[in-house]
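J.: Got a structure for you, questions after.
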Amino acid sequence: DTAVSQTPKYLVTQMGNDKSIKCEQNLGHDTMYWYKQDSKKFLKIMFSYNNKELIINETVPNRFSPKSPDKAHLNLHINSLELGDSAVYFCASSGASTEAFFGQGTRLTVV
Amino acid sequence: AQKVTQAQTEISVVEKEDVTLDCVYETRDTTYYLFWYKQPPSGELVFLIRRNSFDEQNEISGRYSWNFQKSTSSFNFTITASQVVDSAVYFCALKEETSGSRLTFGEGTQLTVNP
């Protein structure tokens, strides 16, 4: 059973389009995250939700909007995609004071 | 503010060599958690170990060992008798208790083990 699953794994789209990435965890964790990994492999937190409430909102463009319909799901919607949005996006979840478990990543390519 | 530094960007070794990956962290919290993750070429992030700030005991798991020293704010990772399958990017990460759920990563060390 996959603990943290995100879809799609690959996403190729044109500039200006709107796209969504979905994430689900079956670990019963209260906290979920979105991380962005750039071309240099640097991992930076974008958002964190705890029990459907937004608790971390890093400096990201307003075009990025997370949505958590319940504590097991955290989706990421991106409007008006730009070339610079190309990256690997990771969803993760964790319990209190525990390690984070990551999804397999979504490689987004904007052309 | 929390910060993690992995000064070694790339390391290349020959199979069976021992290799140590360095991790230095900064925090003002007395309670915090340190982690190591592995990212193989396939891209997924694999959790390796978690240590809390009150547990300085070193840990060994097979060929992997970790040395946590609060005096030098370091949490180094050693692979003994490295194998080609150890080739990956390794990330050290820090979570402060007061920062809520924020997990801050170092920049990663690319380890290449050559046959």
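Every chain in the structure tokens has a letter given in the order shown (A, B, ...), and although residue numbers restart at 1 in each chain, ligands are simply numbered from 1 in the order shown.
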Write out as a ChimeraX atom specification every residue belonging to chain A that has an atom at most 8 Å from any atom of chain B, counting only C-alpha atoms.
T.: /A:31,41-45,48,56,96-105
J.: How about saving the chosen residues, all heavy atoms kept, as a CSV table (one decimal), in the first residue's frame?
T.:
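Output contents, as saved in selection.csv:
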```
chain,number,residue,atom,x,y,z
A,31,THR,N,-0.5,16.3,9.4
A,31,THR,CA,0.2,17.4,8.7
A,31,THR,C,0.6,17.0,7.3
A,31,THR,O,1.1,15.9,7.1
A,31,THR,CB,1.5,17.8,9.5
A,31,THR,OG1,1.1,18.2,10.8
A,31,THR,CG2,2.1,19.0,8.8
A,41,LYS,N,18.4,20.5,-7.2
A,41,LYS,CA,18.0,19.5,-6.2
A,41,LYS,C,17.7,20.1,-4.9
A,41,LYS,O,17.5,19.4,-3.9
A,41,LYS,CB,19.1,18.5,-6.0
A,41,LYS,CG,19.5,17.6,-7.2
A,41,LYS,CD,18.4,16.6,-7.5
A,41,LYS,CE,18.8,15.6,-8.6
A,41,LYS,NZ,17.8,14.6,-8.8
A,42,PHE,N,17.7,21.5,-4.8
A,42,PHE,CA,17.3,22.1,-3.5
A,42,PHE,C,15.8,21.9,-3.2
A,42,PHE,O,15.0,22.2,-4.1
A,42,PHE,CB,17.7,23.5,-3.5
A,42,PHE,CG,17.6,24.2,-2.2
A,42,PHE,CD1,18.3,23.8,-1.1
A,42,PHE,CD2,16.7,25.2,-2.0
A,42,PHE,CE1,18.2,24.3,0.1
A,42,PHE,CE2,16.5,25.8,-0.8
A,42,PHE,CZ,17.3,25.4,0.3
A,43,LEU,N,15.5,21.5,-2.0
A,43,LEU,CA,14.2,21.2,-1.6
A,43,LEU,C,13.7,22.4,-0.7
A,43,LEU,O,14.3,22.7,0.3
A,43,LEU,CB,14.1,19.9,-0.7
A,43,LEU,CG,14.0,18.6,-1.5
A,43,LEU,CD1,14.6,17.5,-0.7
A,43,LEU,CD2,12.6,18.4,-2.0
A,44,LYS,N,12.6,23.0,-1.1
A,44,LYS,CA,12.1,24.2,-0.4
A,44,LYS,C,10.6,24.0,-0.1
A,44,LYS,O,9.9,23.6,-1.0
A,44,LYS,CB,12.3,25.4,-1.2
A,44,LYS,CG,12.0,26.7,-0.4
A,44,LYS,CD,12.6,27.9,-1.1
A,44,LYS,CE,12.0,29.2,-0.6
A,44,LYS,NZ,11.8,29.3,0.8
A,45,ILE,N,10.3,24.2,1.1
A,45,ILE,CA,8.9,24.1,1.5
A,45,ILE,C,8.0,25.2,0.9
A,45,ILE,O,8.5,26.3,0.8
A,45,ILE,CB,8.7,24.1,3.1
A,45,ILE,CG1,7.3,23.7,3.4
A,45,ILE,CG2,9.1,25.4,3.7
A,45,ILE,CD1,7.1,23.3,4.9
A,48,SER,N,2.3,24.1,4.2
A,48,SER,CA,2.0,23.0,5.1
A,48,SER,C,0.6,23.2,5.7
A,48,SER,O,0.2,24.3,6.0
A,48,SER,CB,3.1,23.0,6.2
A,48,SER,OG,2.7,22.0,7.2
A,56,ILE,N,1.8,26.9,7.2
A,56,ILE,CA,3.0,27.4,6.6
A,56,ILE,C,2.6,27.9,5.1
A,56,ILE,O,2.1,27.1,4.4
A,56,ILE,CB,4.1,26.4,6.5
A,56,ILE,CG1,4.6,26.1,8.0
A,56,ILE,CG2,5.3,27.0,5.7
A,56,ILE,CD1,5.7,25.1,8.0
A,96,ALA,N,3.1,14.3,14.5
A,96,ALA,CA,3.8,15.2,15.4
A,96,ALA,C,5.1,14.6,15.8
A,96,ALA,O,5.2,13.5,16.2
A,96,ALA,CB,2.9,15.4,16.7
A,97,SER,N,6.2,15.5,15.6
A,97,SER,CA,7.5,15.1,16.0
A,97,SER,C,8.1,13.8,15.3
A,97,SER,O,8.9,13.1,15.8
A,97,SER,CB,7.6,14.8,17.5
A,97,SER,OG,7.1,15.9,18.2
A,98,THR,N,7.5,13.6,14.1
A,98,THR,CA,8.0,12.4,13.4
A,98,THR,C,8.5,12.8,12.0
A,98,THR,O,8.4,13.9,11.6
A,98,THR,CB,7.0,11.3,13.2
A,98,THR,OG1,5.9,11.8,12.3
A,98,THR,CG2,6.3,10.9,14.5
A,99,GLU,N,9.2,11.8,11.4
A,99,GLU,CA,9.7,12.1,10.1
A,99,GLU,C,8.6,12.3,9.1
A,99,GLU,O,7.4,11.9,9.3
A,99,GLU,CB,10.6,10.9,9.6
A,99,GLU,CG,9.9,9.6,9.6
A,99,GLU,CD,10.0,8.9,11.0
A,99,GLU,OE1,10.3,9.6,12.0
A,99,GLU,OE2,9.7,7.7,11.0
A,100,ALA,N,8.9,13.0,8.0
A,100,ALA,CA,8.0,13.2,6.9
A,100,ALA,C,8.1,12.1,5.9
A,100,ALA,O,9.3,11.6,5.6
A,100,ALA,CB,8.2,14.5,6.2
A,101,PHE,N,7.0,11.6,5.3
A,101,PHE,CA,7.0,10.6,4.3
A,101,PHE,C,6.6,11.3,3.0
A,101,PHE,O,5.6,12.0,3.0
A,101,PHE,CB,6.1,9.4,4.6
A,101,PHE,CG,6.6,8.6,5.8
A,101,PHE,CD1,6.2,8.9,7.1
A,101,PHE,CD2,7.4,7.5,5.6
A,101,PHE,CE1,6.7,8.2,8.1
A,101,PHE,CE2,7.9,6.8,6.6
A,101,PHE,CZ,7.5,7.1,7.9
A,102,PHE,N,7.4,11.0,1.9
A,102,PHE,CA,7.2,11.8,0.7
A,102,PHE,C,6.5,10.9,-0.4
A,102,PHE,O,6.7,9.7,-0.4
A,102,PHE,CB,8.5,12.3,0.2
A,102,PHE,CG,9.1,13.4,0.9
A,102,PHE,CD1,9.7,13.2,2.2
A,102,PHE,CD2,8.9,14.7,0.5
A,102,PHE,CE1,10.2,14.3,2.9
A,102,PHE,CE2,9.4,15.8,1.2
A,102,PHE,CZ,10.0,15.6,2.4
A,103,GLY,N,5.7,11.6,-1.2
A,103,GLY,CA,5.2,10.9,-2.4
A,103,GLY,C,6.4,10.8,-3.4
A,103,GLY,O,7.5,11.2,-3.2
A,104,GLN,N,6.1,10.2,-4.6
A,104,GLN,CA,7.1,9.9,-5.5
A,104,GLN,C,7.5,11.1,-6.4
A,104,GLN,O,8.5,11.1,-7.1
A,104,GLN,CB,6.7,8.8,-6.5
A,104,GLN,CG,5.7,9.2,-7.6
A,104,GLN,CD,4.3,9.0,-7.2
A,104,GLN,OE1,3.9,9.3,-6.0
A,104,GLN,NE2,3.4,8.7,-8.1
A,105,GLY,N,6.8,12.2,-6.2
A,105,GLY,CA,7.1,13.5,-6.9
A,105,GLY,C,6.4,13.6,-8.2
A,105,GLY,O,6.0,12.6,-8.8
```
J.: Name all residues at most 9 Å from Glu56 in chain B (count only C-alpha atoms; drop same-chain ones fewer than 3 positions away) and give them as a PDB file with all heavy atoms, in the first residue's frame.
T.:
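Saved file selection_38.pdb follows:
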```
ATOM      1  N   ARG B  51      16.602  11.658  14.557  1.00  0.00           N
ATOM      2  CA  ARG B  51      17.232  11.788  15.870  1.00  0.00           C
ATOM      3  C   ARG B  51      16.623  12.992  16.559  1.00  0.00           C
ATOM      4  O   ARG B  51      16.482  14.045  15.957  1.00  0.00           O
ATOM      5  CB  ARG B  51      18.731  12.039  15.723  1.00  0.00           C
ATOM      6  CG  ARG B  51      19.614  10.833  15.909  1.00  0.00           C
ATOM      7  CD  ARG B  51      19.713  10.464  17.346  1.00  0.00           C
ATOM      8  NE  ARG B  51      20.387   9.210  17.575  1.00  0.00           N
ATOM      9  CZ  ARG B  51      19.746   8.045  17.662  1.00  0.00           C
ATOM     10  NH1 ARG B  51      18.458   7.988  17.468  1.00  0.00           N
ATOM     11  NH2 ARG B  51      20.403   6.952  17.926  1.00  0.00           N
ATOM     12  N   ASN B  52      16.286  12.885  17.848  1.00  0.00           N
ATOM     13  CA  ASN B  52      15.851  14.077  18.560  1.00  0.00           C
ATOM     14  C   ASN B  52      17.017  14.649  19.360  1.00  0.00           C
ATOM     15  O   ASN B  52      18.007  13.965  19.627  1.00  0.00           O
ATOM     16  CB  ASN B  52      14.616  13.809  19.427  1.00  0.00           C
ATOM     17  CG  ASN B  52      14.938  12.990  20.652  1.00  0.00           C
ATOM     18  OD1 ASN B  52      15.852  13.316  21.411  1.00  0.00           O
ATOM     19  ND2 ASN B  52      14.190  11.924  20.873  1.00  0.00           N
ATOM     20  N   SER B  53      16.874  15.888  19.739  1.00  0.00           N
ATOM     21  CA  SER B  53      17.994  16.626  20.319  1.00  0.00           C
ATOM     22  C   SER B  53      18.430  16.092  21.678  1.00  0.00           C
ATOM     23  O   SER B  53      19.518  16.436  22.155  1.00  0.00           O
ATOM     24  CB  SER B  53      17.629  18.116  20.449  1.00  0.00           C
ATOM     25  OG  SER B  53      16.391  18.258  21.122  1.00  0.00           O
ATOM     26  N   ASN B  67      26.568   9.913  13.447  1.00  0.00           N
ATOM     27  CA  ASN B  67      27.270  10.494  14.586  1.00  0.00           C
ATOM     28  C   ASN B  67      26.667  11.863  14.878  1.00  0.00           C
ATOM     29  O   ASN B  67      26.849  12.802  14.105  1.00  0.00           O
ATOM     30  CB  ASN B  67      28.770  10.619  14.249  1.00  0.00           C
ATOM     31  CG  ASN B  67      29.572  11.116  15.425  1.00  0.00           C
ATOM     32  OD1 ASN B  67      29.059  11.798  16.311  1.00  0.00           O
ATOM     33  ND2 ASN B  67      30.849  10.781  15.453  1.00  0.00           N
ATOM     34  N   PHE B  68      25.951  11.950  15.997  1.00  0.00           N
ATOM     35  CA  PHE B  68      25.276  13.186  16.375  1.00  0.00           C
ATOM     36  C   PHE B  68      26.085  13.829  17.494  1.00  0.00           C
ATOM     37  O   PHE B  68      26.274  13.222  18.550  1.00  0.00           O
ATOM     38  CB  PHE B  68      23.855  12.864  16.846  1.00  0.00           C
ATOM     39  CG  PHE B  68      23.077  14.038  17.369  1.00  0.00           C
ATOM     40  CD1 PHE B  68      23.327  15.335  16.950  1.00  0.00           C
ATOM     41  CD2 PHE B  68      22.057  13.831  18.282  1.00  0.00           C
ATOM     42  CE1 PHE B  68      22.596  16.407  17.439  1.00  0.00           C
ATOM     43  CE2 PHE B  68      21.304  14.894  18.772  1.00  0.00           C
ATOM     44  CZ  PHE B  68      21.573  16.172  18.351  1.00  0.00           C
ATOM     45  N   GLN B  69      26.560  15.051  17.276  1.00  0.00           N
ATOM     46  CA  GLN B  69      27.329  15.759  18.299  1.00  0.00           C
ATOM     47  C   GLN B  69      26.759  17.159  18.477  1.00  0.00           C
ATOM     48  O   GLN B  69      26.951  18.030  17.620  1.00  0.00           O
ATOM     49  CB  GLN B  69      28.805  15.835  17.898  1.00  0.00           C
ATOM     50  CG  GLN B  69      29.504  14.484  17.917  1.00  0.00           C
ATOM     51  CD  GLN B  69      31.016  14.612  17.973  1.00  0.00           C
ATOM     52  OE1 GLN B  69      31.562  15.662  17.647  1.00  0.00           O
ATOM     53  NE2 GLN B  69      31.689  13.558  18.374  1.00  0.00           N
ATOM     54  N   LYS B  70      26.097  17.375  19.591  1.00  0.00           N
ATOM     55  CA  LYS B  70      25.507  18.684  19.857  1.00  0.00           C
ATOM     56  C   LYS B  70      26.581  19.745  20.054  1.00  0.00           C
ATOM     57  O   LYS B  70      26.375  20.912  19.718  1.00  0.00           O
ATOM     58  CB  LYS B  70      24.601  18.619  21.095  1.00  0.00           C
ATOM     59  CG  LYS B  70      23.314  17.867  20.830  1.00  0.00           C
ATOM     60  CD  LYS B  70      22.484  17.716  22.078  1.00  0.00           C
ATOM     61  CE  LYS B  70      21.792  19.000  22.459  1.00  0.00           C
ATOM     62  NZ  LYS B  70      20.797  18.759  23.534  1.00  0.00           N
TER      63      LYS B  70
END
```
J.: In Å to one decimal, how far is CA of Ser61 in chain B from CA of Lys16 in chain B?
T.: 16.8 Å
J.: Mind the document's chain letters and residue numbers, and return as number ranges by chain the residues of chain B that DSSP labels strand (DSSP E).
T.: B: 3-5, 10-14, 19-21, 24-26, 32-39, 46-52, 59-61, 64-69, 74-79, 88-96, 104-105, 109-114
J.: From a backbone DSSP assignment, name each residue in range 36-110 of chain B labelled helix (DSSP H, G or I), as a list in words.
T.: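 Here are the helix (DSSP H, G or I) residues of range 36-110 of chain B: Lys70, Ser71, Thr72, Val84, Val85, Asp86, Glu97, Thr98 and Ser99 of chain B.
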J.: Neighbouring residues of Cys23 in chain B were defined as those with any atom within 6 Å, considering only C-alpha atoms; residues of the same chain fewer than 4 positions away were excluded. Please report them as number ranges by chain.
T.: B: 5-6, 74-76
